[in-house]
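Engineer: Handing over start.txt, compact mmCIF, C-alpha atoms and all ligand atoms.
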```txt
# COMPACT_ATOMS: atom_id res chain seq x y z
CA MET G 1 97.14 -10.57 -16.54
CA SER G 2 97.57 -13.46 -18.91
CA GLU G 3 97.02 -13.11 -22.62
CA GLY G 4 94.15 -15.54 -22.49
CA GLU G 5 92.02 -13.25 -20.45
CA ASN G 6 88.91 -11.70 -21.88
CA ILE G 7 89.04 -7.92 -21.65
CA LEU G 8 86.06 -5.68 -22.21
CA VAL G 9 86.47 -1.95 -22.73
CA ILE G 10 83.32 0.08 -22.13
CA SER G 11 83.31 3.62 -23.40
CA ASP G 12 81.29 5.87 -25.66
CA GLN G 13 84.40 7.68 -26.85
CA MET G 14 86.51 6.50 -29.76
CA SER G 15 89.42 8.51 -28.38
CA VAL G 16 89.51 6.26 -25.33
CA ARG G 17 89.82 3.21 -27.53
CA GLU G 18 92.69 4.85 -29.34
CA GLN G 19 94.40 5.72 -26.09
CA LEU G 20 94.14 2.16 -24.79
CA LYS G 21 95.05 0.52 -28.06
CA GLU G 22 98.76 0.32 -27.44
CA ILE G 23 98.69 -1.00 -23.92
CA LEU G 24 96.07 -3.60 -24.84
CA SER G 25 97.80 -4.70 -28.01
CA SER G 26 99.45 -7.67 -26.35
CA TYR G 27 96.15 -9.12 -25.22
CA GLN G 28 94.41 -11.48 -27.57
CA SER G 29 90.84 -10.94 -26.61
CA VAL G 30 89.78 -7.32 -26.29
CA GLN G 31 86.24 -6.26 -27.06
CA TYR G 32 84.54 -2.89 -26.98
CA LEU G 33 81.06 -1.81 -25.99
CA LYS G 34 79.21 1.42 -25.49
CA PRO G 35 77.82 1.97 -21.99
CA ASP G 36 74.20 1.63 -23.10
CA GLU G 37 74.92 -1.70 -24.79
CA THR G 38 76.51 -3.15 -21.71
CA LYS G 39 73.55 -4.68 -19.93
CA LYS G 40 72.47 -6.43 -23.12
CA GLU G 41 75.84 -7.65 -24.33
CA ILE G 42 78.04 -8.31 -21.32
CA ASP G 43 76.54 -11.72 -20.73
CA ARG G 44 77.53 -12.83 -24.18
CA ILE G 45 81.06 -11.46 -23.88
CA ALA G 46 81.63 -12.89 -20.40
CA PRO G 47 84.71 -10.78 -19.64
CA ASP G 48 87.25 -11.44 -16.91
CA VAL G 49 88.22 -7.80 -16.71
CA VAL G 50 86.21 -4.69 -17.53
CA LEU G 51 87.91 -1.38 -18.28
CA LEU G 52 85.13 1.15 -17.87
CA PHE G 53 85.59 4.76 -18.89
CA ARG G 54 83.18 7.21 -17.26
CA PRO G 55 80.11 7.34 -19.54
CA GLU G 56 78.86 10.65 -20.91
CA GLU G 57 75.49 10.03 -19.31
CA ASP G 58 76.32 9.79 -15.66
CA THR G 59 75.61 6.11 -15.22
CA SER G 60 79.01 5.20 -13.78
CA ILE G 61 77.85 3.96 -10.42
CA ASP G 62 74.88 2.10 -11.83
CA LEU G 63 77.05 0.32 -14.36
CA VAL G 64 79.74 -0.65 -11.87
CA GLN G 65 77.04 -1.77 -9.49
CA TYR G 66 75.26 -3.72 -12.20
CA ILE G 67 78.35 -5.54 -13.43
CA ASN G 68 79.45 -6.21 -9.89
CA SER G 69 76.15 -7.65 -8.77
CA GLU G 70 75.41 -9.66 -11.90
CA TYR G 71 78.97 -10.86 -12.46
CA PRO G 72 80.76 -10.75 -9.13
CA ASP G 73 83.86 -12.46 -10.53
CA VAL G 74 84.55 -9.74 -13.09
CA SER G 75 87.27 -7.26 -12.08
CA ILE G 76 86.28 -3.71 -12.85
CA ILE G 77 88.89 -1.04 -13.52
CA PHE G 78 87.39 2.42 -13.70
CA MET G 79 88.87 5.25 -15.77
CA ASN G 80 88.17 8.95 -15.94
CA ASP G 81 89.74 11.89 -17.75
CA ARG G 82 90.39 13.78 -14.52
CA GLU G 83 90.76 13.39 -10.78
CA ASP G 84 87.41 13.19 -9.00
CA PHE G 85 87.60 12.06 -5.42
CA GLU G 86 83.88 11.69 -4.86
CA LEU G 87 83.48 9.60 -7.98
CA LEU G 88 86.48 7.53 -7.00
CA ARG G 89 84.98 6.78 -3.61
CA ASP G 90 81.59 5.92 -5.07
CA VAL G 91 82.85 3.61 -7.80
CA MET G 92 85.18 1.81 -5.42
CA ARG G 93 82.27 1.31 -3.07
CA ALA G 94 80.17 0.05 -5.91
CA GLY G 95 82.77 -2.60 -6.61
CA ALA G 96 85.53 -1.24 -8.88
CA ILE G 97 89.00 -2.45 -7.88
CA GLU G 98 91.06 0.37 -9.43
CA PHE G 99 90.66 3.94 -10.62
CA PHE G 100 92.94 5.53 -13.23
CA VAL G 101 93.01 8.94 -14.81
CA ILE G 102 93.79 8.64 -18.49
CA PRO G 103 95.71 9.55 -20.53
CA SER G 104 98.00 10.86 -17.81
CA GLU G 105 98.18 7.54 -15.94
CA LEU G 106 98.19 5.29 -19.00
CA SER G 107 101.67 4.00 -18.41
CA LEU G 108 100.83 3.41 -14.78
CA LEU G 109 97.75 1.47 -15.86
CA SER G 110 99.83 -0.54 -18.26
CA ASP G 111 102.57 -1.23 -15.71
CA ARG G 112 100.09 -2.30 -13.14
CA MET G 113 98.02 -4.65 -15.26
CA LYS G 114 100.05 -7.62 -14.06
CA GLN G 115 99.98 -6.44 -10.50
CA ILE G 116 96.23 -5.90 -10.66
CA SER G 117 95.82 -9.41 -11.96
CA GLN G 118 97.67 -10.73 -8.95
CA VAL G 119 95.55 -8.67 -6.59
CA ILE G 120 92.46 -10.04 -8.29
CA GLN G 121 93.64 -13.59 -7.77
CA GLU G 122 94.53 -12.96 -4.14
CA SER G 123 91.33 -11.15 -3.33
CA LYS G 124 89.37 -13.98 -4.88
CA THR G 125 91.04 -16.44 -2.53
CA GLU G 126 90.54 -14.11 0.41
CA GLN G 127 86.92 -13.57 -0.47
CA VAL G 128 86.20 -17.25 -0.33
CA ALA G 129 87.74 -17.46 3.13
CA ALA G 130 86.05 -14.34 4.40
CA THR G 131 82.61 -14.73 2.90
CA ASN G 132 80.94 -15.55 6.17
CA GLN G 133 82.71 -13.05 8.38
CA SER G 134 82.79 -9.72 6.66
CA PHE G 135 80.38 -7.71 4.63
CA LYS G 136 81.53 -5.77 1.66
CA LYS G 137 80.03 -2.41 0.83
CA GLY G 138 78.33 -2.14 -2.50
CA ARG G 139 77.42 -5.78 -2.75
CA GLY G 140 74.14 -5.54 -0.95
CA GLN G 141 71.68 -8.39 -1.19
CA VAL G 142 68.08 -7.51 -1.97
CA TYR G 143 65.47 -9.85 -0.47
CA SER G 144 61.79 -9.27 -1.23
CA PHE G 145 58.93 -10.73 0.75
CA PHE G 146 55.86 -11.37 -1.34
CA SER G 147 52.62 -13.29 -1.07
CA GLY G 148 49.62 -13.40 -3.35
CA LYS G 149 47.40 -14.08 -0.38
CA GLY G 150 46.73 -11.46 2.25
CA GLY G 151 47.26 -12.29 5.90
CA SER G 152 49.93 -14.94 5.29
CA GLY G 153 52.40 -13.16 7.56
CA ASN G 154 54.41 -11.43 4.85
CA THR G 155 54.84 -8.10 6.65
CA PHE G 156 55.43 -9.63 10.06
CA LEU G 157 58.12 -11.94 8.70
CA ALA G 158 59.83 -9.26 6.59
CA SER G 159 59.99 -6.97 9.63
CA SER G 160 61.15 -9.64 12.05
CA PHE G 161 63.68 -11.06 9.59
CA ALA G 162 65.23 -7.61 9.06
CA GLN G 163 65.27 -6.84 12.77
CA THR G 164 66.87 -10.19 13.61
CA LEU G 165 69.45 -9.80 10.85
CA MET G 166 70.41 -6.44 12.28
CA LEU G 167 70.71 -7.82 15.83
CA GLU G 168 72.52 -11.03 15.01
CA SER G 169 75.12 -9.73 12.56
CA THR G 170 77.38 -6.79 11.94
CA ALA G 171 75.63 -6.11 8.63
CA GLN G 172 74.00 -2.82 7.69
CA VAL G 173 70.34 -3.57 7.05
CA ILE G 174 67.52 -1.46 5.65
CA LEU G 175 63.84 -2.42 5.48
CA ILE G 176 61.62 -0.83 2.82
CA ASP G 177 57.83 -0.83 3.08
CA LEU G 178 56.40 -0.83 -0.44
CA ASN G 179 52.79 -1.13 0.72
CA LEU G 180 52.23 2.37 -0.61
CA GLN G 181 48.65 2.72 0.41
CA PHE G 182 48.48 1.22 3.87
CA GLY G 183 52.02 0.59 5.08
CA GLY G 184 52.35 -2.07 7.77
CA ILE G 185 55.87 -2.53 9.09
CA GLU G 186 55.42 0.27 11.64
CA THR G 187 52.76 -1.83 13.38
CA TYR G 188 55.13 -4.71 13.99
CA LEU G 189 58.14 -2.59 14.87
CA GLY G 190 56.41 -0.14 17.18
CA VAL G 191 57.40 2.93 15.18
CA GLU G 192 55.35 6.09 14.95
CA SER G 193 56.37 8.54 12.28
CA ASN G 194 55.08 10.66 9.46
CA ARG G 195 58.27 10.34 7.49
CA SER G 196 58.31 8.32 4.33
CA PHE G 197 60.56 7.61 1.38
CA VAL G 198 58.40 9.93 -0.73
CA GLU G 199 60.60 12.69 0.71
CA LEU G 200 63.38 11.34 -1.50
CA GLU G 201 61.49 12.31 -4.64
CA PRO G 202 63.34 15.63 -5.27
CA VAL G 203 66.76 13.95 -5.08
CA ILE G 204 65.90 10.59 -6.61
CA LYS G 205 68.10 11.15 -9.68
CA GLU G 206 71.21 11.67 -7.57
CA LEU G 207 70.24 9.57 -4.58
CA ASN G 208 73.08 8.80 -2.19
CA GLU G 209 73.57 7.28 1.22
CA SER G 210 73.15 10.48 3.20
CA HIS G 211 69.88 11.32 1.46
CA ILE G 212 68.61 7.91 2.45
CA ARG G 213 69.81 8.18 6.05
CA ASN G 214 68.05 11.53 6.33
CA VAL G 215 64.63 9.98 5.84
CA THR G 216 65.01 6.62 7.54
CA GLU G 217 63.43 5.95 10.89
CA ARG G 218 65.12 3.58 13.29
CA GLU G 219 63.64 0.70 15.19
CA LYS G 220 64.84 1.43 18.69
CA PHE G 221 65.93 -2.00 19.92
CA SER G 222 67.96 -3.08 16.91
CA ASN G 223 68.69 0.29 15.30
CA LEU G 224 67.36 -1.21 12.06
CA GLU G 225 66.81 1.50 9.45
CA LEU G 226 63.34 1.77 7.96
CA LEU G 227 62.07 3.43 4.81
CA LEU G 228 58.42 3.86 5.63
CA SER G 229 55.51 3.95 3.23
CA PRO G 230 53.61 7.20 2.61
CA ARG G 231 50.39 5.37 3.54
CA ASP G 232 48.51 7.66 1.23
CA ALA G 233 47.00 6.78 -2.15
CA GLU G 234 47.67 10.22 -3.56
CA ALA G 235 51.34 10.31 -2.58
CA ALA G 236 51.63 6.77 -3.85
CA GLU G 237 50.65 7.91 -7.32
CA ASN G 238 53.90 9.85 -7.63
CA ILE G 239 55.96 6.76 -7.01
CA THR G 240 57.08 5.42 -10.37
CA GLU G 241 58.97 2.35 -11.51
CA ASP G 242 61.99 4.54 -12.08
CA PHE G 243 61.79 5.84 -8.50
CA VAL G 244 61.64 2.32 -7.11
CA THR G 245 64.53 1.09 -9.25
CA ARG G 246 66.73 3.98 -8.18
CA LEU G 247 65.73 3.62 -4.56
CA ILE G 248 66.53 -0.08 -4.42
CA ARG G 249 69.82 0.30 -6.30
CA ALA G 250 70.94 3.14 -4.06
CA CYS G 251 70.09 1.08 -0.99
CA ARG G 252 71.93 -1.90 -2.44
CA ARG G 253 75.04 0.24 -2.79
CA SER G 254 74.93 1.51 0.77
CA TYR G 255 73.67 -1.45 2.79
CA ASP G 256 74.59 -5.11 3.08
CA PHE G 257 70.98 -6.27 3.10
CA VAL G 258 67.91 -4.57 1.64
CA ILE G 259 64.70 -6.20 2.82
CA ILE G 260 61.49 -5.28 1.03
CA ASP G 261 57.93 -5.87 2.18
CA LEU G 262 55.61 -6.01 -0.84
CA PRO G 263 51.83 -5.77 -1.08
CA THR G 264 49.77 -8.69 -2.38
CA SER G 265 48.84 -6.83 -5.54
CA MET G 266 50.94 -7.17 -8.66
CA ASN G 267 51.52 -3.76 -10.21
CA GLU G 268 54.47 -2.03 -11.80
CA ILE G 269 55.97 -1.19 -8.40
CA THR G 270 55.79 -4.77 -7.15
CA TYR G 271 57.09 -6.01 -10.51
CA THR G 272 60.05 -3.63 -10.43
CA ALA G 273 61.00 -4.62 -6.88
CA LEU G 274 60.78 -8.31 -7.78
CA GLU G 275 63.01 -7.77 -10.80
CA GLU G 276 65.63 -6.03 -8.64
CA SER G 277 65.65 -8.78 -6.02
CA ASP G 278 68.33 -11.38 -5.49
CA GLU G 279 65.88 -13.54 -3.61
CA ILE G 280 62.09 -13.56 -3.51
CA TYR G 281 60.55 -15.09 -0.42
CA TYR G 282 57.03 -16.20 -1.14
CA VAL G 283 55.23 -16.43 2.20
CA MET G 284 52.46 -19.01 2.30
CA ASN G 285 50.52 -21.18 4.66
CA ALA G 286 50.19 -24.93 4.35
CA ASP G 287 46.59 -25.10 3.14
CA THR G 288 44.67 -25.54 -0.09
CA PRO G 289 43.64 -21.90 -0.60
CA SER G 290 47.27 -20.76 -0.24
CA LEU G 291 48.36 -23.44 -2.66
CA GLN G 292 45.81 -22.31 -5.21
CA VAL G 293 46.88 -18.69 -4.96
CA PHE G 294 50.50 -19.73 -5.35
CA LYS G 295 49.66 -21.58 -8.56
CA HIS G 296 48.11 -18.39 -9.94
CA VAL G 297 51.13 -16.36 -8.90
CA GLU G 298 53.45 -18.85 -10.58
CA LEU G 299 51.55 -18.41 -13.84
CA LEU G 300 51.57 -14.66 -13.46
CA PHE G 301 55.36 -14.69 -12.96
CA GLN G 302 55.69 -16.72 -16.14
CA ARG G 303 53.45 -14.38 -18.07
CA LEU G 304 55.37 -11.35 -16.87
CA ASN G 305 58.63 -13.07 -17.67
CA ILE G 306 59.94 -12.79 -14.13
CA ASP G 307 62.94 -15.05 -13.79
CA THR G 308 62.21 -17.23 -10.77
CA ASN G 309 65.05 -19.68 -11.26
CA GLN G 310 67.16 -19.82 -8.07
CA ARG G 311 65.48 -16.67 -6.82
CA LEU G 312 61.97 -17.69 -5.83
CA LYS G 313 61.80 -19.55 -2.51
CA LEU G 314 58.92 -20.62 -0.32
CA VAL G 315 58.64 -19.57 3.26
CA VAL G 316 56.01 -21.71 4.90
CA ASN G 317 54.47 -19.78 7.75
CA HIS G 318 52.00 -20.69 10.50
CA VAL G 319 53.41 -24.20 10.64
CA GLY G 320 51.69 -26.31 13.28
CA ARG G 321 50.17 -29.66 14.01
CA ASP G 322 46.77 -28.60 12.77
CA ASN G 323 48.00 -27.57 9.31
CA GLU G 324 45.84 -28.97 6.56
CA LEU G 325 48.91 -29.94 4.52
CA LYS G 326 52.34 -31.12 5.56
CA THR G 327 55.42 -29.54 4.04
CA ASN G 328 56.07 -32.82 2.25
CA ASP G 329 52.62 -32.62 0.69
CA LEU G 330 53.46 -29.13 -0.54
CA LYS G 331 56.56 -30.53 -2.24
CA ASP G 332 54.33 -32.80 -4.29
CA PHE G 333 52.48 -29.81 -5.70
CA ILE G 334 55.17 -27.17 -5.87
CA LYS G 335 58.59 -27.35 -7.49
CA THR G 336 59.81 -24.11 -5.92
CA PRO G 337 62.29 -24.94 -3.12
CA THR G 338 61.36 -24.30 0.48
CA GLU G 339 63.65 -21.76 2.12
CA THR G 340 62.41 -22.22 5.65
CA GLN G 341 59.44 -23.00 7.88
CA ILE G 342 58.17 -20.75 10.63
CA ARG G 343 56.01 -22.07 13.42
CA ARG G 344 52.68 -20.56 14.34
CA ASP G 345 52.73 -18.78 17.70
CA PHE G 346 49.40 -17.13 17.99
CA LYS G 347 49.59 -16.12 21.66
CA GLY G 348 53.18 -14.93 21.58
CA VAL G 349 52.72 -12.82 18.49
CA GLN G 350 49.39 -11.42 19.60
CA SER G 351 50.71 -10.15 22.89
CA LEU G 352 53.67 -8.49 21.14
CA ILE G 353 51.34 -6.71 18.75
CA ASN G 354 49.09 -5.57 21.58
CA GLN G 355 52.09 -4.04 23.31
CA GLY G 356 53.30 -2.46 20.07
CA SER G 357 56.55 -4.29 20.64
CA PRO G 358 58.85 -5.90 18.05
CA LEU G 359 59.77 -9.57 18.15
CA ARG G 360 63.32 -8.96 19.41
CA LYS G 361 64.72 -6.67 22.06
CA GLU G 362 68.46 -7.37 22.17
CA ARG G 363 71.36 -9.40 20.86
CA GLN G 364 71.82 -12.91 22.20
CA GLU G 365 68.48 -12.81 23.96
CA LYS G 366 67.98 -15.74 26.31
CA LYS G 367 64.23 -16.19 26.40
CA LEU G 368 63.16 -16.32 22.81
CA LEU G 369 59.70 -17.21 21.55
CA PRO G 370 59.73 -20.32 19.33
CA ILE G 371 58.91 -18.15 16.33
CA ALA G 372 61.89 -15.89 17.10
CA LYS G 373 64.10 -18.99 17.24
CA ASP G 374 62.86 -20.08 13.81
CA ILE G 375 63.62 -16.67 12.35
CA ARG G 376 67.03 -16.55 14.00
CA LYS G 377 67.94 -19.93 12.58
CA TRP G 378 66.94 -18.71 9.13
CA VAL G 379 68.91 -15.48 9.53
CA PHE G 380 72.02 -17.43 10.57
CA SER G 381 71.86 -19.28 7.27
CA LYS G 382 72.15 -15.95 5.44
CA ILE G 383 75.17 -14.44 7.20
N1 LIG A 401 53.98 -17.51 12.58
C1 LIG A 401 52.99 -16.76 13.08
N2 LIG A 401 52.38 -17.08 14.24
C2 LIG A 401 51.39 -16.33 14.73
N3 LIG A 401 50.91 -15.22 14.17
C3 LIG A 401 51.46 -14.82 13.01
C4 LIG A 401 52.54 -15.56 12.41
N4 LIG A 401 52.89 -14.93 11.26
C5 LIG A 401 52.08 -13.87 11.16
N5 LIG A 401 51.22 -13.78 12.20
C6 LIG A 401 50.16 -12.79 12.40
O1 LIG A 401 49.28 -12.85 11.29
C7 LIG A 401 48.71 -11.59 11.01
C8 LIG A 401 48.92 -11.20 9.56
O2 LIG A 401 50.29 -11.00 9.33
P1 LIG A 401 50.85 -9.94 8.31
O3 LIG A 401 50.28 -8.60 8.52
O4 LIG A 401 52.32 -10.06 8.37
O5 LIG A 401 50.31 -10.54 6.97
P2 LIG A 401 50.47 -10.04 5.47
O6 LIG A 401 50.70 -11.25 4.66
O7 LIG A 401 51.49 -8.97 5.41
O8 LIG A 401 49.02 -9.46 5.18
P3 LIG A 401 48.49 -8.20 4.36
O9 LIG A 401 47.72 -8.78 3.26
O10 LIG A 401 47.62 -7.47 5.33
O11 LIG A 401 49.66 -7.40 3.95
C9 LIG A 401 49.35 -10.64 11.97
O12 LIG A 401 48.52 -10.42 13.06
C10 LIG A 401 50.61 -11.36 12.39
O13 LIG A 401 51.08 -10.97 13.61
MG MG A 402 51.46 -7.05 4.58
```
When written as structure tokens, how does the structure in this file appear?
Structural biologist:
Amino acid sequence: MSEGENILVISDQMSVREQLKEILSSYQSVQYLKPDETKKEIDRIAPDVVLLFRPEEDTSIDLVQYINSEYPDVSIIFMNDREDFELLRDVMRAGAIEFFVIPSELSLLSDRMKQISQVIQESKTEQVAATNQSFKKGRGQVYSFFSGKGGSGNTFLASSFAQTLMLESTAQVILIDLNLQFGGIETYLGVESNRSFVELEPVIKELNESHIRNVTEREKFSNLELLLSPRDAEAAENITEDFVTRLIRACRRSYDFVIIDLPTSMNEITYTALEESDEIYYVMNADTPSLQVFKHVELLFQRLNIDTNQRLKLVVNHVGRDNELKTNDLKDFIKTPTETQIRRDFKGVQSLINQGSPLRKERQEKKLLPIAKDIRKWVFSKI
């Protein structure tokens, strides 16, 4: 670790600062934060290395996860005052690169600073080479599908995208249906079940991977995991912003891709999911009414202060010769970049729905509907 590196120590205990003082004395830039200041201040500090001591409030995993997802280049070294295997496993999964018990391992920590630095450099190089082949736990991508206009194909595309992703990659994928009142994904994936993520309510504060796996249903052809909606207005009332935040973050930690189907209505649940998303796919059709709704949504996003920069992308659905507008025309009206275009396939899709059958049945399927080819091409660009 060179002296020029920016080191950030996060701890709510002065004693930890004291303990680290000596071994950090040779580094020029060392700053300190309390855990609850981190999310606000870390951007400003822009550290290269974070030394995080287990916070009093048990936010360890969230913090590691947060730093890791917002600042993937930062190396996180986790510290605790005692051995704790479960915690060790969880923080490493969430993205920490080392775990030390202090003060007993202080000299070890000090001795290994240089070594760690080397590992960081090497893993950075490796990561670049391996980006497209392997998936790393705890770095899950959250993609939300949203449309201000009903019937655009939001649910169908979210379901088919997730299913295709599962079939065409080695990634772990989970699909969440946040249409609390009416659900929807089960229709396109041929799943019948009374389970829903509402069952996670009693454990939401300590949510882990096995809790989640206990309530997921599986789509039988792809084995895609599904968190189904309660489809019940009353049950939906118990779902809070906090619940949704915890649910999405826990899924992010345990899966490579978290795909979310959102309802058309903007409420605190939709807002929370959008805020947690790495990418927001706005599904629209190439016609004037869709364009008008999009303009309203754009304004709403601005008013709600939702950061759309590099996150909001258009997915133009129902593309066909008879479209009122061409994609190029859309570009004249909309600055948001187009992620992909999906052809309309009325007959193909209709017969699938009538059979209660999902778009895909197996890996490397030979006879694919044109719409399945479009989705596969899109999925390939993500893996
Ligand atoms: N590219 C396409 N080609 C043909 N049919 C499609 C296509 N995309 C979606 N559909 C069909 O359009 C209908 C509406 O789709 P979907 O339920 O996904 O819309 P939505 O935007 O989620 O609507 P809602 O407001 O009900 O949530 C469905 O019958 C679906 O199968
Ligand atoms: Mg829908």
Engineer: So which residues are near ligand MG 402 (chain A), meaning at most 10 Å away with only C-alpha atoms and all ligand atoms counted, given back as a PyMOL selection string?
Structural biologist: chain G and resi 145-147+149-159+177-179+182-185+261-264
Engineer: Which one is closest to Val142 (chain G): G:Glu275, G:Glu199, G:Glu18, G:Glu37? Count all atoms listed in the file.
Structural biologist: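 Among G:Glu275, G:Glu199, G:Glu18, G:Glu37, it is G:Glu275 that comes nearest to Val142 (chain G).
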Engineer: Quick check, in Å to one decimal: how far apart do CA of Asp90 (chain G) and CA of Ser60 (chain G) lie?
Structural biologist: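 One can read the CA of Asp90 (chain G) to CA of Ser60 (chain G) distance as 9.1 Å.
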Engineer: Can you tell me, as a ChimeraX atom specification, which residues sit within 12 Å of (84.0, 3.6, -4.4) in the file's frame, using only C-alpha atoms?
Structural biologist: /G:60-62,64-65,76-78,84-99,136-139,253-254
Engineer: Could you jot down the CA of Glu168 (chain G) to CA of Thr270 (chain G) separation for me, Å, one decimal place?
Structural biologist: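 Calculated distance between CA of Glu168 (chain G) and CA of Thr270 (chain G) is 28.5 Å.
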Engineer: Write out as a PDB file with C-alpha atoms, keeping the file's coordinate frame the residues lying within 6 Å of region 358-372 of chain G, counting only C-alpha atoms and excluding same-chain residues fewer than 4 positions away.
Structural biologist:
```
ATOM      1  CA  LEU G 167      70.710  -7.820  15.830  1.00  0.00           C
ATOM      2  CA  TYR G 188      55.130  -4.710  13.990  1.00  0.00           C
ATOM      3  CA  LEU G 189      58.140  -2.590  14.870  1.00  0.00           C
ATOM      4  CA  PHE G 221      65.930  -2.000  19.920  1.00  0.00           C
ATOM      5  CA  ARG G 343      56.010 -22.070  13.420  1.00  0.00           C
TER       6      ARG G 343
END
```
Engineer: Name the closest residue to Asn354 (chain G) among the candidates G:Ile42, G:Asn80, G:Val101, G:Gly190; distances are taken between atoms, counting all atoms listed in the file.
Structural biologist: G:Gly190
Engineer: List the neighbours of Ile102 (chain G) out to 8 Å using all atoms listed in the file; skip same-chain residues closer than 4 positions along the sequence, and give me the result as a list in words.
Structural biologist: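 Surrounding residues, per the criterion: Met79, Asn80, Asp81, Arg82 and Leu106 of chain G.
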Engineer: Determine the nearest neighbour of Lys377 (chain G) from the options G:Asp329, G:Asp36, G:Glu339, G:Glu217, counting all atoms listed in the file.
Structural biologist: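 When distances to Lys377 (chain G) are compared using all atoms listed in the file, the smallest one comes from G:Glu339.
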Engineer: As an exercise, work out the distance from atom O13 of ligand LIG 401 (chain A) to CA of Val258 (chain G) in Å and give it to one decimal place.
Structural biologist: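 Distance between the two atoms: 21.6 Å.
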Engineer: Which is closer to Tyr66 (chain G) than all the others in G:Pro35, G:Asp307, G:Ile45, G:Ala171, using all atoms listed in the file?
Structural biologist: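 Comparing G:Pro35, G:Asp307, G:Ile45, G:Ala171 against Tyr66 (chain G), the winner is G:Pro35.
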Engineer: Measuring atom to atom with only C-alpha atoms, identify which of G:Asn238, G:Ser351, G:Gln28, G:Gln13 is nearest to Pro202 (chain G).
Structural biologist: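 Checking each of G:Asn238, G:Ser351, G:Gln28, G:Gln13 against Pro202 (chain G), counting only C-alpha atoms, the winner is G:Asn238.
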Engineer: Of the candidates G:Ala233, G:Leu300, G:Leu180, G:Ile280, which one gets nearest to ligand LIG 401 (chain A) if we count all atoms listed in the file?
Structural biologist: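 Once distances to ligand LIG 401 (chain A) are computed over all atoms listed in the file, the minimum belongs to G:Leu180.
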Engineer: Write out as a VMD selection string the residues lying within 10 Å of region 20-24 of chain G, counting only C-alpha atoms and excluding same-chain residues fewer than 4 positions away.
Structural biologist: chain G and resid 3 7 9 15 to 16 28 to 30 51 102 to 103 106 to 107 109 to 111 113
Engineer: Show which residues sit within 8 Å of Phe161 (chain G), as a list in words. Count only C-alpha atoms, and ignore same-chain residues fewer than 5 positions away.
Structural biologist: Ile375, Arg376 and Val379 of chain G
Engineer: Missing atoms in region 341-352 of chain G need filling: write out N, CA and C atoms for it as a CSV table (one decimal), in the frame of the given file.
Structural biologist:
```csv
chain,number,residue,atom,x,y,z
G,341,GLN,N,60.8,-22.9,7.3
G,341,GLN,CA,59.4,-23.0,7.9
G,341,GLN,C,59.4,-22.2,9.2
G,342,ILE,N,58.3,-21.5,9.4
G,342,ILE,CA,58.2,-20.8,10.6
G,342,ILE,C,56.9,-21.2,11.4
G,343,ARG,N,57.1,-21.6,12.6
G,343,ARG,CA,56.0,-22.1,13.4
G,343,ARG,C,54.9,-21.0,13.7
G,344,ARG,N,53.7,-21.5,13.9
G,344,ARG,CA,52.7,-20.6,14.3
G,344,ARG,C,52.8,-20.3,15.9
G,345,ASP,N,52.7,-19.1,16.3
G,345,ASP,CA,52.7,-18.8,17.7
G,345,ASP,C,51.7,-17.7,18.0
G,346,PHE,N,50.5,-18.1,18.0
G,346,PHE,CA,49.4,-17.1,18.0
G,346,PHE,C,49.5,-16.2,19.2
G,347,LYS,N,49.6,-16.9,20.4
G,347,LYS,CA,49.6,-16.1,21.7
G,347,LYS,C,50.8,-15.2,21.8
G,348,GLY,N,51.9,-15.7,21.5
G,348,GLY,CA,53.2,-14.9,21.6
G,348,GLY,C,53.1,-13.7,20.7
G,349,VAL,N,52.7,-13.9,19.4
G,349,VAL,CA,52.7,-12.8,18.5
G,349,VAL,C,51.6,-11.8,18.9
G,350,GLN,N,50.5,-12.3,19.3
G,350,GLN,CA,49.4,-11.4,19.6
G,350,GLN,C,49.7,-10.5,20.7
G,351,SER,N,50.4,-11.0,21.8
G,351,SER,CA,50.7,-10.2,22.9
G,351,SER,C,51.8,-9.1,22.5
G,352,LEU,N,52.7,-9.5,21.6
G,352,LEU,CA,53.7,-8.5,21.1
G,352,LEU,C,53.0,-7.3,20.4
```
